[in-house]
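Colleague: Got run-v4.cif for you, mmCIF, C-alpha atoms:
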data_start
loop_
_atom_site.label_atom_id
_atom_site.label_comp_id
_atom_site.auth_asym_id
_atom_site.auth_seq_id
_atom_site.Cartn_x
_atom_site.Cartn_y
_atom_site.Cartn_z
CA MET A 1 -3.43 6.59 97.69
CA ALA A 2 -0.38 8.79 98.08
CA GLN A 3 2.77 7.88 96.19
CA ASP A 4 5.73 6.94 98.34
CA CYS A 5 3.56 6.49 101.42
CA LEU A 6 4.57 3.35 103.28
CA PHE A 7 1.15 2.88 104.83
CA CYS A 8 -0.71 3.43 101.56
CA LYS A 9 1.49 0.68 100.09
CA ILE A 10 0.67 -1.65 102.99
CA ILE A 11 -3.05 -0.89 102.55
CA ALA A 12 -2.73 -1.65 98.83
CA GLY A 13 -0.93 -4.92 99.60
CA GLU A 14 2.22 -3.75 97.83
CA ILE A 15 4.29 -4.08 100.99
CA PRO A 16 3.67 -7.05 103.28
CA ALA A 17 2.38 -6.61 106.81
CA THR A 18 0.75 -8.81 109.42
CA VAL A 19 -2.82 -7.53 109.19
CA VAL A 20 -4.83 -8.27 112.32
CA TYR A 21 -8.04 -6.47 111.37
CA GLU A 22 -9.47 -4.56 108.43
CA ASP A 23 -12.78 -3.13 107.31
CA ASP A 24 -14.01 -0.60 104.77
CA ASP A 25 -12.44 2.30 106.65
CA VAL A 26 -9.30 1.08 108.41
CA VAL A 27 -6.50 -1.45 108.29
CA ALA A 28 -4.69 -2.66 111.44
CA PHE A 29 -1.32 -4.40 111.29
CA LYS A 30 1.52 -5.29 113.63
CA ASP A 31 4.23 -2.67 114.15
CA ILE A 32 7.53 -3.99 112.84
CA SER A 33 9.41 -2.46 115.80
CA PRO A 34 7.11 -3.39 118.69
CA GLN A 35 7.49 -1.45 121.93
CA ALA A 36 5.27 -3.85 123.88
CA PRO A 37 4.12 -7.48 123.50
CA VAL A 38 1.08 -6.16 121.62
CA HIS A 39 1.82 -3.26 119.27
CA VAL A 40 -0.57 -2.75 116.40
CA LEU A 41 -1.00 0.25 114.12
CA ILE A 42 -4.44 1.30 112.93
CA VAL A 43 -4.52 3.42 109.79
CA PRO A 44 -7.41 4.90 107.83
CA ARG A 45 -7.52 3.74 104.22
CA ALA A 46 -7.81 7.41 103.30
CA HIS A 47 -4.45 9.18 103.19
CA ILE A 48 -4.46 11.92 105.82
CA GLU A 49 -0.94 13.11 106.55
CA ARG A 50 -1.26 14.40 110.07
CA LEU A 51 -3.89 14.13 112.75
CA SER A 52 -3.70 17.91 112.92
CA ASP A 53 -4.93 18.00 109.29
CA ALA A 54 -8.16 16.22 110.23
CA THR A 55 -11.35 18.28 110.07
CA GLU A 56 -14.94 17.98 111.25
CA ALA A 57 -15.61 15.95 108.11
CA ASP A 58 -13.27 13.28 109.48
CA ALA A 59 -15.03 12.96 112.88
CA SER A 60 -16.82 9.75 112.00
CA LEU A 61 -13.68 8.19 110.56
CA LEU A 62 -11.66 9.14 113.64
CA GLY A 63 -14.31 7.57 115.86
CA LYS A 64 -14.12 4.40 113.80
CA ILE A 65 -10.35 4.31 114.26
CA VAL A 66 -10.75 4.55 118.04
CA LEU A 67 -13.39 1.79 118.01
CA ALA A 68 -11.10 -0.31 115.81
CA GLY A 69 -8.61 0.07 118.66
CA ASN A 70 -11.13 -1.65 120.95
CA ARG A 71 -11.57 -4.40 118.42
CA VAL A 72 -7.83 -4.89 117.98
CA ALA A 73 -7.47 -5.05 121.75
CA ARG A 74 -10.08 -7.80 121.93
CA LEU A 75 -8.51 -9.72 119.04
CA SER A 76 -5.09 -9.36 120.69
CA GLY A 77 -6.34 -10.56 124.08
CA VAL A 78 -5.66 -7.30 125.94
CA ALA A 79 -9.16 -5.82 126.20
CA LYS A 80 -9.39 -6.74 129.90
CA SER A 81 -5.74 -6.45 130.89
CA GLY A 82 -5.69 -3.00 129.36
CA TYR A 83 -4.04 -1.07 126.60
CA ARG A 84 -2.89 2.33 125.46
CA LEU A 85 -4.15 4.04 122.31
CA ILE A 86 -1.75 6.68 120.98
CA ALA A 87 -1.58 9.06 118.06
CA ASN A 88 1.60 11.09 117.57
CA THR A 89 1.74 14.15 115.40
CA GLY A 90 4.51 16.55 114.46
CA PRO A 91 8.15 16.62 115.56
CA ASP A 92 7.57 16.60 119.33
CA GLY A 93 5.11 13.74 119.00
CA GLY A 94 7.68 11.73 117.09
CA GLN A 95 5.49 10.98 114.08
CA GLU A 96 7.63 9.03 111.61
CA VAL A 97 5.24 8.02 108.84
CA PHE A 98 3.07 10.81 107.47
CA HIS A 99 -0.17 8.88 107.17
CA VAL A 100 -2.35 9.15 110.29
CA HIS A 101 -1.92 6.10 112.53
CA PHE A 102 -2.99 5.13 116.00
CA HIS A 103 -0.87 2.75 118.07
CA VAL A 104 -2.48 0.08 120.24
CA LEU A 105 -0.03 -1.04 122.91
CA GLY A 106 -0.60 -3.72 125.53
CA GLY A 107 0.48 -6.99 127.03
CA LYS A 108 2.49 -5.47 129.89
CA ARG A 109 2.27 -2.62 132.39
CA LEU A 110 2.92 0.30 130.11
CA GLY A 111 4.38 2.80 132.55
CA ARG A 112 4.96 6.41 131.64
CA MET A 113 3.29 8.02 128.61
CA VAL A 114 6.34 10.10 127.72
CA SER A 115 10.04 9.83 128.52
CA MET B 1 -23.46 12.14 135.83
CA ALA B 2 -22.00 9.34 137.92
CA GLN B 3 -21.74 9.80 141.67
CA ASP B 4 -18.22 9.82 143.06
CA CYS B 5 -16.71 10.38 139.61
CA LEU B 6 -13.99 13.01 139.79
CA PHE B 7 -14.38 14.01 136.15
CA CYS B 8 -18.19 14.23 136.36
CA LYS B 9 -17.67 16.61 139.28
CA ILE B 10 -15.22 18.72 137.28
CA ILE B 11 -17.67 18.80 134.35
CA ALA B 12 -20.42 19.90 136.74
CA GLY B 13 -18.18 22.62 138.20
CA GLU B 14 -18.23 21.02 141.66
CA ILE B 15 -14.47 20.56 141.66
CA PRO B 16 -12.29 23.31 140.21
CA ALA B 17 -10.12 22.75 137.16
CA THR B 18 -8.36 24.92 134.62
CA VAL B 19 -10.66 24.46 131.66
CA VAL B 20 -8.96 25.22 128.36
CA TYR B 21 -11.79 24.26 126.01
CA GLU B 22 -15.37 23.04 126.22
CA ASP B 23 -18.32 22.47 123.94
CA ASP B 24 -21.59 20.55 124.02
CA ASP B 25 -19.83 17.19 123.96
CA VAL B 26 -16.49 17.54 125.73
CA VAL B 27 -14.59 19.43 128.41
CA ALA B 28 -10.80 19.85 128.31
CA PHE B 29 -8.80 20.85 131.39
CA LYS B 30 -5.21 20.88 132.57
CA ASP B 31 -3.90 17.70 134.21
CA ILE B 32 -3.00 18.45 137.83
CA SER B 33 0.11 16.24 137.57
CA PRO B 34 1.49 17.29 134.20
CA GLN B 35 3.96 14.96 132.52
CA ALA B 36 4.94 17.53 129.88
CA PRO B 37 4.78 21.34 129.54
CA VAL B 38 1.37 20.89 127.91
CA HIS B 39 -0.79 18.19 129.48
CA VAL B 40 -4.53 18.53 129.01
CA LEU B 41 -7.26 15.96 129.57
CA ILE B 42 -10.26 15.79 127.26
CA VAL B 43 -13.33 14.09 128.68
CA PRO B 44 -16.77 13.49 127.19
CA ARG B 45 -19.59 15.06 129.21
CA ALA B 46 -21.26 11.64 129.06
CA HIS B 47 -19.98 9.25 131.71
CA ILE B 48 -18.37 6.29 129.94
CA GLU B 49 -16.18 4.32 132.33
CA ARG B 50 -13.70 2.73 129.97
CA LEU B 51 -12.80 3.23 126.35
CA SER B 52 -13.33 -0.52 125.99
CA ASP B 53 -17.02 0.08 126.95
CA ALA B 54 -17.54 2.37 123.96
CA THR B 55 -19.76 1.07 121.17
CA GLU B 56 -20.59 1.98 117.58
CA ALA B 57 -23.11 4.43 118.99
CA ASP B 58 -20.20 6.39 120.47
CA ALA B 59 -18.24 6.67 117.20
CA SER B 60 -19.23 10.27 116.55
CA LEU B 61 -18.46 11.30 120.13
CA LEU B 62 -15.06 9.60 120.01
CA GLY B 63 -14.27 11.41 116.77
CA LYS B 64 -15.22 14.69 118.41
CA ILE B 65 -12.85 13.95 121.29
CA VAL B 66 -9.98 13.38 118.85
CA LEU B 67 -10.82 16.61 117.01
CA ALA B 68 -11.00 18.41 120.34
CA GLY B 69 -7.42 17.20 120.80
CA ASN B 70 -6.47 19.14 117.67
CA ARG B 71 -8.24 22.20 118.99
CA VAL B 72 -6.56 21.94 122.37
CA ALA B 73 -3.20 21.58 120.63
CA ARG B 74 -3.84 24.79 118.68
CA LEU B 75 -5.02 26.64 121.78
CA SER B 76 -1.95 25.41 123.67
CA GLY B 77 0.47 26.45 120.92
CA VAL B 78 1.68 22.93 120.08
CA ALA B 79 -0.24 22.19 116.88
CA LYS B 80 2.90 22.72 114.77
CA SER B 81 5.57 21.56 117.20
CA GLY B 82 3.61 18.36 117.70
CA TYR B 83 1.76 16.46 120.35
CA ARG B 84 0.71 13.03 121.54
CA LEU B 85 -2.91 12.01 122.03
CA ILE B 86 -3.31 9.09 124.47
CA ALA B 87 -6.14 7.08 125.93
CA ASN B 88 -5.31 4.49 128.60
CA THR B 89 -7.68 1.74 129.56
CA GLY B 90 -7.52 -1.06 132.08
CA PRO B 91 -4.73 -2.01 134.50
CA ASP B 92 -1.90 -2.30 131.96
CA GLY B 93 -2.85 1.03 130.43
CA GLY B 94 -2.69 2.65 133.82
CA GLN B 95 -6.16 4.19 133.76
CA GLU B 96 -6.68 5.92 137.10
CA VAL B 97 -10.02 7.71 136.75
CA PHE B 98 -12.86 5.62 135.39
CA HIS B 99 -14.38 8.19 133.09
CA VAL B 100 -12.99 8.03 129.56
CA HIS B 101 -10.28 10.64 129.02
CA PHE B 102 -7.75 11.42 126.34
CA HIS B 103 -4.44 13.07 127.23
CA VAL B 104 -2.93 15.75 125.01
CA LEU B 105 0.79 16.02 125.71
CA GLY B 106 3.23 18.43 124.10
CA GLY B 107 5.72 21.21 124.55
CA LYS B 108 8.81 19.01 124.46
CA ARG B 109 10.18 16.01 122.56
CA LEU B 110 8.01 13.30 124.03
CA GLY B 111 10.28 10.28 123.62
CA ARG B 112 9.07 6.74 124.18
CA MET B 113 5.35 5.89 124.29
CA VAL B 114 5.76 3.32 127.08
CA SER B 115 8.42 2.72 129.71
#
Turn this file's structure into C-alpha coordinates for me.
Modeller:
Amino acid sequence: MAQDCLFCKIIAGEIPATVVYEDDDVVAFKDISPQAPVHVLIVPRAHIERLSDATEADASLLGKIVLAGNRVARLSGVAKSGYRLIANTGPDGGQEVFHVHFHVLGGKRLGRMVS
Amino acid sequence: MAQDCLFCKIIAGEIPATVVYEDDDVVAFKDISPQAPVHVLIVPRAHIERLSDATEADASLLGKIVLAGNRVARLSGVAKSGYRLIANTGPDGGQEVFHVHFHVLGGKRLGRMVS
(Lines of atoms letter the chains of each structure in order from A and count residues from 1; the text may use other names and numbers.)
(Lines give C-alpha, C1' and ligand atoms only; values in the text may rest on other atoms or scores of the structure.)
Protein backbone atom coordinates (compact mmCIF):
# COMPACT_ATOMS: atom_id res chain seq x y z
CA MET A 1 0.00 0.00 0.00
CA ALA A 2 1.29 3.42 -0.98
CA GLN A 3 0.77 6.31 1.41
CA ASP A 4 -1.47 9.07 0.14
CA CYS A 5 -2.82 6.90 -2.67
CA LEU A 6 -6.58 7.34 -2.95
CA PHE A 7 -7.10 3.91 -4.48
CA CYS A 8 -4.91 2.14 -1.93
CA LYS A 9 -7.08 3.75 0.76
CA ILE A 10 -10.26 2.55 -0.98
CA ILE A 11 -8.78 -0.96 -1.25
CA ALA A 12 -7.93 -0.85 2.46
CA GLY A 13 -11.46 0.31 3.30
CA GLU A 14 -10.18 3.60 4.72
CA ILE A 15 -12.17 5.62 2.19
CA PRO A 16 -15.68 4.48 1.30
CA ALA A 17 -16.58 3.35 -2.20
CA THR A 18 -19.38 1.39 -3.81
CA VAL A 19 -17.56 -1.88 -4.47
CA VAL A 20 -19.23 -3.95 -7.18
CA TYR A 21 -16.69 -6.78 -7.38
CA GLU A 22 -13.50 -7.86 -5.65
CA ASP A 23 -11.21 -10.87 -5.54
CA ASP A 24 -7.68 -11.63 -4.41
CA ASP A 25 -6.15 -9.51 -7.17
CA VAL A 26 -8.50 -6.64 -7.96
CA VAL A 27 -11.17 -4.36 -6.53
CA ALA A 28 -13.88 -2.77 -8.70
CA PHE A 29 -15.92 0.21 -7.53
CA LYS A 30 -18.17 2.87 -9.00
CA ASP A 31 -16.51 6.03 -10.31
CA ILE A 32 -17.67 9.01 -8.25
CA SER A 33 -17.89 11.19 -11.39
CA PRO A 34 -19.56 8.80 -13.84
CA GLN A 35 -19.28 9.60 -17.54
CA ALA A 36 -21.88 6.99 -18.52
CA PRO A 37 -24.77 5.17 -16.77
CA VAL A 38 -22.28 2.40 -15.90
CA HIS A 39 -18.82 3.64 -14.92
CA VAL A 40 -16.76 1.34 -12.76
CA LEU A 41 -13.05 1.45 -11.99
CA ILE A 42 -11.03 -1.74 -11.68
CA VAL A 43 -7.80 -1.48 -9.73
CA PRO A 44 -5.17 -4.06 -8.84
CA ARG A 45 -4.65 -4.45 -5.10
CA ALA A 46 -0.94 -4.05 -5.83
CA HIS A 47 0.13 -0.43 -6.15
CA ILE A 48 1.44 0.13 -9.67
CA GLU A 49 1.61 3.82 -10.49
CA ARG A 50 1.31 3.81 -14.24
CA LEU A 51 0.36 1.22 -16.80
CA SER A 52 3.62 2.12 -18.51
CA ASP A 53 5.45 0.88 -15.38
CA ALA A 54 3.99 -2.62 -15.80
CA THR A 55 6.42 -5.37 -16.81
CA GLU A 56 6.24 -8.93 -18.09
CA ALA A 57 5.89 -10.02 -14.47
CA ASP A 58 2.54 -8.21 -14.38
CA ALA A 59 1.09 -9.94 -17.48
CA SER A 60 -1.09 -12.32 -15.53
CA LEU A 61 -2.38 -9.55 -13.27
CA LEU A 62 -3.18 -7.34 -16.27
CA GLY A 63 -5.08 -10.20 -17.87
CA LYS A 64 -7.06 -10.65 -14.67
CA ILE A 65 -7.96 -6.96 -14.69
CA VAL A 66 -9.29 -7.25 -18.25
CA LEU A 67 -11.30 -10.36 -17.32
CA ALA A 68 -12.60 -8.54 -14.24
CA GLY A 69 -13.89 -5.98 -16.74
CA ASN A 70 -15.99 -8.74 -18.34
CA ARG A 71 -17.28 -9.74 -14.94
CA VAL A 72 -18.13 -6.17 -13.99
CA ALA A 73 -19.95 -5.78 -17.30
CA ARG A 74 -22.04 -8.86 -16.56
CA LEU A 75 -22.77 -7.73 -13.00
CA SER A 76 -23.72 -4.27 -14.32
CA GLY A 77 -26.03 -5.68 -17.01
CA VAL A 78 -24.04 -4.36 -19.98
CA ALA A 79 -22.26 -7.52 -21.16
CA LYS A 80 -24.61 -7.86 -24.14
CA SER A 81 -25.38 -4.20 -24.82
CA GLY A 82 -21.67 -3.52 -24.86
CA TYR A 83 -19.04 -1.58 -23.01
CA ARG A 84 -15.71 0.17 -23.29
CA LEU A 85 -12.65 -0.79 -21.27
CA ILE A 86 -10.13 2.04 -20.93
CA ALA A 87 -6.79 2.61 -19.27
CA ASN A 88 -5.30 6.11 -19.38
CA THR A 89 -1.68 6.79 -18.67
CA GLY A 90 0.41 9.95 -18.55
CA PRO A 91 -0.60 13.55 -19.24
CA ASP A 92 -2.13 13.05 -22.70
CA GLY A 93 -4.13 10.08 -21.43
CA GLY A 94 -5.53 12.20 -18.63
CA GLN A 95 -4.55 9.85 -15.80
CA GLU A 96 -5.58 11.55 -12.55
CA VAL A 97 -4.90 8.96 -9.85
CA PHE A 98 -1.49 7.34 -9.99
CA HIS A 99 -2.54 3.79 -9.22
CA VAL A 100 -3.28 1.74 -12.35
CA HIS A 101 -7.01 1.63 -13.07
CA PHE A 102 -9.18 0.45 -15.91
CA HIS A 103 -12.52 2.12 -16.59
CA VAL A 104 -15.56 0.06 -17.59
CA LEU A 105 -18.10 2.30 -19.30
CA GLY A 106 -21.51 1.27 -20.62
CA GLY A 107 -25.24 1.74 -20.51
CA LYS A 108 -25.43 4.05 -23.54
CA ARG A 109 -23.93 4.41 -27.01
CA LEU A 110 -20.46 5.56 -26.09
CA GLY A 111 -19.53 7.51 -29.21
CA ARG A 112 -16.02 8.75 -29.83
CA MET A 113 -13.02 7.37 -27.92
CA VAL A 114 -11.29 10.74 -27.69
CA SER A 115 -12.48 14.33 -27.95
CA MET B 1 -8.04 -18.00 -38.70
CA ALA B 2 -11.66 -17.07 -39.29
CA GLN B 3 -12.89 -16.66 -42.85
CA ASP B 4 -14.04 -13.18 -43.77
CA CYS B 5 -12.33 -11.66 -40.74
CA LEU B 6 -10.51 -8.48 -41.75
CA PHE B 7 -8.00 -8.73 -38.91
CA CYS B 8 -7.27 -12.43 -39.55
CA LYS B 9 -6.48 -11.42 -43.14
CA ILE B 10 -4.16 -8.64 -41.97
CA ILE B 11 -2.43 -11.08 -39.59
CA ALA B 12 -2.02 -13.54 -42.47
CA GLY B 13 -0.60 -10.80 -44.70
CA GLU B 14 -3.48 -11.10 -47.17
CA ILE B 15 -4.51 -7.49 -46.62
CA PRO B 16 -1.81 -4.86 -46.25
CA ALA B 17 -1.36 -2.88 -43.05
CA THR B 18 1.36 -0.78 -41.49
CA VAL B 19 2.60 -3.17 -38.84
CA VAL B 20 4.40 -1.41 -36.01
CA TYR B 21 5.01 -4.41 -33.76
CA GLU B 22 4.43 -8.15 -33.78
CA ASP B 23 5.37 -11.20 -31.76
CA ASP B 24 4.17 -14.77 -31.34
CA ASP B 25 0.92 -13.67 -29.72
CA VAL B 26 -0.08 -10.30 -31.15
CA VAL B 27 0.15 -8.04 -34.19
CA ALA B 28 -0.05 -4.23 -33.91
CA PHE B 29 -0.80 -2.04 -36.92
CA LYS B 30 -1.88 1.51 -37.65
CA ASP B 31 -5.62 2.22 -37.70
CA ILE B 32 -6.64 3.31 -41.20
CA SER B 33 -9.01 5.94 -39.75
CA PRO B 34 -6.86 7.44 -37.00
CA GLN B 35 -8.62 9.40 -34.28
CA ALA B 36 -5.38 10.80 -32.87
CA PRO B 37 -1.82 11.36 -34.16
CA VAL B 38 -0.95 7.90 -32.83
CA HIS B 39 -3.67 5.29 -33.33
CA VAL B 40 -2.56 1.68 -33.40
CA LEU B 41 -4.63 -1.48 -33.09
CA ILE B 42 -3.31 -4.49 -31.22
CA VAL B 43 -4.91 -7.81 -32.08
CA PRO B 44 -4.25 -11.32 -30.82
CA ARG B 45 -3.25 -13.76 -33.56
CA ALA B 46 -5.96 -16.05 -32.16
CA HIS B 47 -9.42 -15.20 -33.44
CA ILE B 48 -11.57 -14.21 -30.45
CA GLU B 49 -14.70 -12.39 -31.59
CA ARG B 50 -15.51 -10.30 -28.56
CA LEU B 51 -13.67 -9.37 -25.41
CA SER B 52 -16.76 -10.61 -23.58
CA ASP B 53 -16.04 -14.10 -25.04
CA ALA B 54 -12.64 -14.23 -23.34
CA THR B 55 -12.24 -16.70 -20.48
CA GLU B 56 -9.76 -17.40 -17.69
CA ALA B 57 -7.77 -19.39 -20.23
CA ASP B 58 -7.13 -16.14 -22.10
CA ALA B 59 -5.81 -14.21 -19.08
CA SER B 60 -2.17 -14.51 -20.08
CA LEU B 61 -2.91 -13.51 -23.68
CA LEU B 62 -4.93 -10.49 -22.54
CA GLY B 63 -2.07 -9.42 -20.29
CA LYS B 64 0.31 -9.71 -23.23
CA ILE B 65 -1.97 -7.48 -25.30
CA VAL B 66 -1.91 -4.81 -22.58
CA LEU B 67 1.89 -5.05 -22.34
CA ALA B 68 2.10 -4.84 -26.12
CA GLY B 69 0.23 -1.54 -25.70
CA ASN B 70 3.14 -0.29 -23.58
CA ARG B 71 5.59 -1.43 -26.21
CA VAL B 72 3.64 0.23 -29.01
CA ALA B 73 3.51 3.43 -26.96
CA ARG B 74 7.31 3.37 -26.60
CA LEU B 75 7.82 2.62 -30.28
CA SER B 76 5.41 5.43 -31.18
CA GLY B 77 7.12 7.96 -28.90
CA VAL B 78 4.15 8.47 -26.57
CA ALA B 79 5.17 6.39 -23.55
CA LYS B 80 6.02 9.54 -21.56
CA SER B 81 3.51 11.98 -23.02
CA GLY B 82 0.78 9.47 -22.32
CA TYR B 83 -1.74 7.33 -24.11
CA ARG B 84 -5.12 5.67 -23.86
CA LEU B 85 -5.65 1.92 -24.22
CA ILE B 86 -9.21 1.03 -25.24
CA ALA B 87 -11.17 -2.11 -26.00
CA ASN B 88 -14.74 -1.74 -27.26
CA THR B 89 -17.20 -4.58 -27.21
CA GLY B 90 -20.80 -4.91 -28.31
CA PRO B 91 -23.13 -2.31 -29.83
CA ASP B 92 -22.78 0.37 -27.14
CA GLY B 93 -19.01 0.05 -27.23
CA GLY B 94 -19.03 0.56 -30.96
CA GLN B 95 -17.07 -2.56 -31.88
CA GLU B 96 -16.87 -2.69 -35.67
CA VAL B 97 -14.58 -5.63 -36.41
CA PHE B 98 -15.39 -8.84 -34.58
CA HIS B 99 -11.88 -9.88 -33.72
CA VAL B 100 -10.74 -8.61 -30.33
CA HIS B 101 -8.63 -5.46 -30.66
CA PHE B 102 -7.21 -2.87 -28.33
CA HIS B 103 -6.67 0.71 -29.51
CA VAL B 104 -3.58 2.66 -28.47
CA LEU B 105 -4.26 6.38 -28.86
CA GLY B 106 -1.82 9.20 -28.18
CA GLY B 107 0.05 12.18 -29.51
CA LYS B 108 -2.38 14.80 -28.21
CA ARG B 109 -4.46 15.55 -25.12
CA LEU B 110 -7.15 12.93 -25.53
CA GLY B 111 -10.02 14.58 -23.68
CA ARG B 112 -13.22 12.72 -22.83
CA MET B 113 -13.41 8.92 -22.93
CA VAL B 114 -16.96 8.88 -24.35
CA SER B 115 -19.05 11.42 -26.22
Colleague: Determine, counting all atoms listed in the file, which protein, DNA and RNA residues have an atom within 12 Å of an atom of Glu14 in chain A; residues of the same chain fewer than 6 positions away are not included. Present the result as a ChimeraX atom specification.
Modeller: /A:1,3-8
Colleague: Report the distance between CA of Leu51 in chain A and CA of Asp25 in chain A in Å, rounded to one decimal place.
Modeller: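 Taking CA of Leu51 in chain A as the start and CA of Asp25 in chain A as the end point, the length is 15.8 Å.
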Colleague: I'd like the contact shell of Phe102 in chain A - 9 Å cut-off, only C-alpha atoms, skipping same-chain residues fewer than 2 positions apart - returned as a PyMOL selection string.
Modeller: chain A and resi 40-43+65-66+69+85-88+100+104
Colleague: Find the nearest atom pair between each residue of chain B and chain A for residues within 10 Å, count only C-alpha atoms, give distances in Å to one decimal, sort rows by chain and ascending number, and present the table as a Markdown table.
Modeller:
| residue | atom | partner | partner_atom | distance |
| --- | --- | --- | --- | --- |
| B:Gln35 | CA | A:Val114 | CA | 7.2 |
| B:Ala36 | CA | A:Val114 | CA | 7.9 |
| B:Arg50 | CA | A:Gly82 | CA | 9.9 |
| B:Leu51 | CA | A:Asn70 | CA | 7.5 |
| B:Ser52 | CA | A:Asn70 | CA | 5.6 |
| B:Asp53 | CA | A:Asn70 | CA | 8.6 |
| B:Ala54 | CA | A:Leu67 | CA | 7.3 |
| B:Thr55 | CA | A:Leu67 | CA | 7.1 |
| B:Glu56 | CA | A:Leu67 | CA | 7.2 |
| B:Ala57 | CA | A:Gly63 | CA | 9.9 |
| B:Asp58 | CA | A:Gly63 | CA | 7.6 |
| B:Ala59 | CA | A:Gly63 | CA | 4.2 |
| B:Ser60 | CA | A:Ser60 | CA | 5.2 |
| B:Leu61 | CA | A:Gly63 | CA | 7.0 |
| B:Leu62 | CA | A:Gly63 | CA | 4.7 |
| B:Gly63 | CA | A:Gly63 | CA | 3.9 |
| B:Lys64 | CA | A:Ala59 | CA | 5.8 |
| B:Ile65 | CA | A:Gly63 | CA | 8.5 |
| B:Val66 | CA | A:Leu62 | CA | 6.9 |
| B:Leu67 | CA | A:Ala59 | CA | 6.9 |
| B:Ala68 | CA | A:Glu56 | CA | 9.9 |
| B:Gly69 | CA | A:Ser52 | CA | 8.7 |
| B:Asn70 | CA | A:Ser52 | CA | 5.6 |
| B:Arg71 | CA | A:Ser52 | CA | 8.7 |
| B:Ala73 | CA | A:Ser52 | CA | 8.6 |
| B:Arg74 | CA | A:Ser52 | CA | 9.0 |
| B:Val78 | CA | A:Asp92 | CA | 8.7 |
| B:Ala79 | CA | A:Ser52 | CA | 6.8 |
| B:Lys80 | CA | A:Gly90 | CA | 6.4 |
| B:Ser81 | CA | A:Asp92 | CA | 5.8 |
| B:Gly82 | CA | A:Gly90 | CA | 3.8 |
| B:Tyr83 | CA | A:Gly93 | CA | 4.5 |
| B:Arg84 | CA | A:Asn88 | CA | 4.5 |
| B:Leu85 | CA | A:Ala87 | CA | 5.1 |
| B:Ile86 | CA | A:Ile86 | CA | 4.5 |
| B:Ala87 | CA | A:Leu85 | CA | 5.1 |
| B:Asn88 | CA | A:Arg84 | CA | 4.5 |
| B:Thr89 | CA | A:Gly82 | CA | 5.1 |
| B:Gly90 | CA | A:Gly82 | CA | 3.8 |
| B:Pro91 | CA | A:Gly82 | CA | 5.3 |
| B:Asp92 | CA | A:Arg109 | CA | 4.2 |
| B:Gly93 | CA | A:Tyr83 | CA | 4.5 |
| B:Gly94 | CA | A:Leu110 | CA | 7.1 |
| B:Gln95 | CA | A:Gly82 | CA | 8.4 |
| B:Phe102 | CA | A:Leu85 | CA | 9.1 |
| B:His103 | CA | A:Ile86 | CA | 9.3 |
| B:Val104 | CA | A:Ala87 | CA | 9.7 |
| B:Leu105 | CA | A:Gly93 | CA | 8.3 |
| B:Gly106 | CA | A:Asp92 | CA | 6.7 |
| B:Gly107 | CA | A:Asp92 | CA | 7.2 |
| B:Lys108 | CA | A:Asp92 | CA | 5.8 |
| B:Arg109 | CA | A:Asp92 | CA | 4.2 |
| B:Leu110 | CA | A:Val114 | CA | 5.2 |
| B:Gly111 | CA | A:Ser115 | CA | 4.9 |
| B:Arg112 | CA | A:Ser115 | CA | 5.4 |
| B:Met113 | CA | A:Met113 | CA | 5.2 |
| B:Val114 | CA | A:Leu110 | CA | 5.1 |
| B:Ser115 | CA | A:Gly111 | CA | 4.9 |
Colleague: Assuming the chain letters and numbering stay as they are in my file, what does the PyMOL selection byres ((chain A and resi 28) around 6) actually select? List them as a PyMOL selection string.
Modeller: chain A and resi 19-22+27+29+41-42
Colleague: Atoms to include: C-alpha atoms. Write the selected residues as a JSON list (two decimals), in the frame of the given file.
Modeller:
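Ended up saving to out-v7.json:
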[["chain", "number", "residue", "atom", "x", "y", "z"],
["A", 19, "VAL", "CA", -2.82, -7.53, 109.19],
["A", 20, "VAL", "CA", -4.83, -8.27, 112.32],
["A", 21, "TYR", "CA", -8.04, -6.47, 111.37],
["A", 22, "GLU", "CA", -9.47, -4.56, 108.43],
["A", 27, "VAL", "CA", -6.50, -1.45, 108.29],
["A", 29, "PHE", "CA", -1.32, -4.40, 111.29],
["A", 41, "LEU", "CA", -1.00, 0.25, 114.12],
["A", 42, "ILE", "CA", -4.44, 1.30, 112.93]]
Colleague: Just the residues within 7 Å of His99 in chain A, please, counting only C-alpha atoms, with nothing from its chain fewer than 2 positions along; format it as a PyMOL selection string.
Modeller: chain A and resi 7+47-50+97+101
Colleague: Using CA of Ile11 in chain B and CA of Lys30 in chain B as the two end points, give the distance in Å to one decimal.
Modeller: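 One can read the CA of Ile11 in chain B to CA of Lys30 in chain B distance as 12.8 Å.
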Colleague: Would you mind reading off the distance between CA of Glu96 in chain B and CA of Pro16 in chain B, one decimal, in Å?
Modeller: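 One can read the CA of Glu96 in chain B to CA of Pro16 in chain B distance as 18.5 Å.
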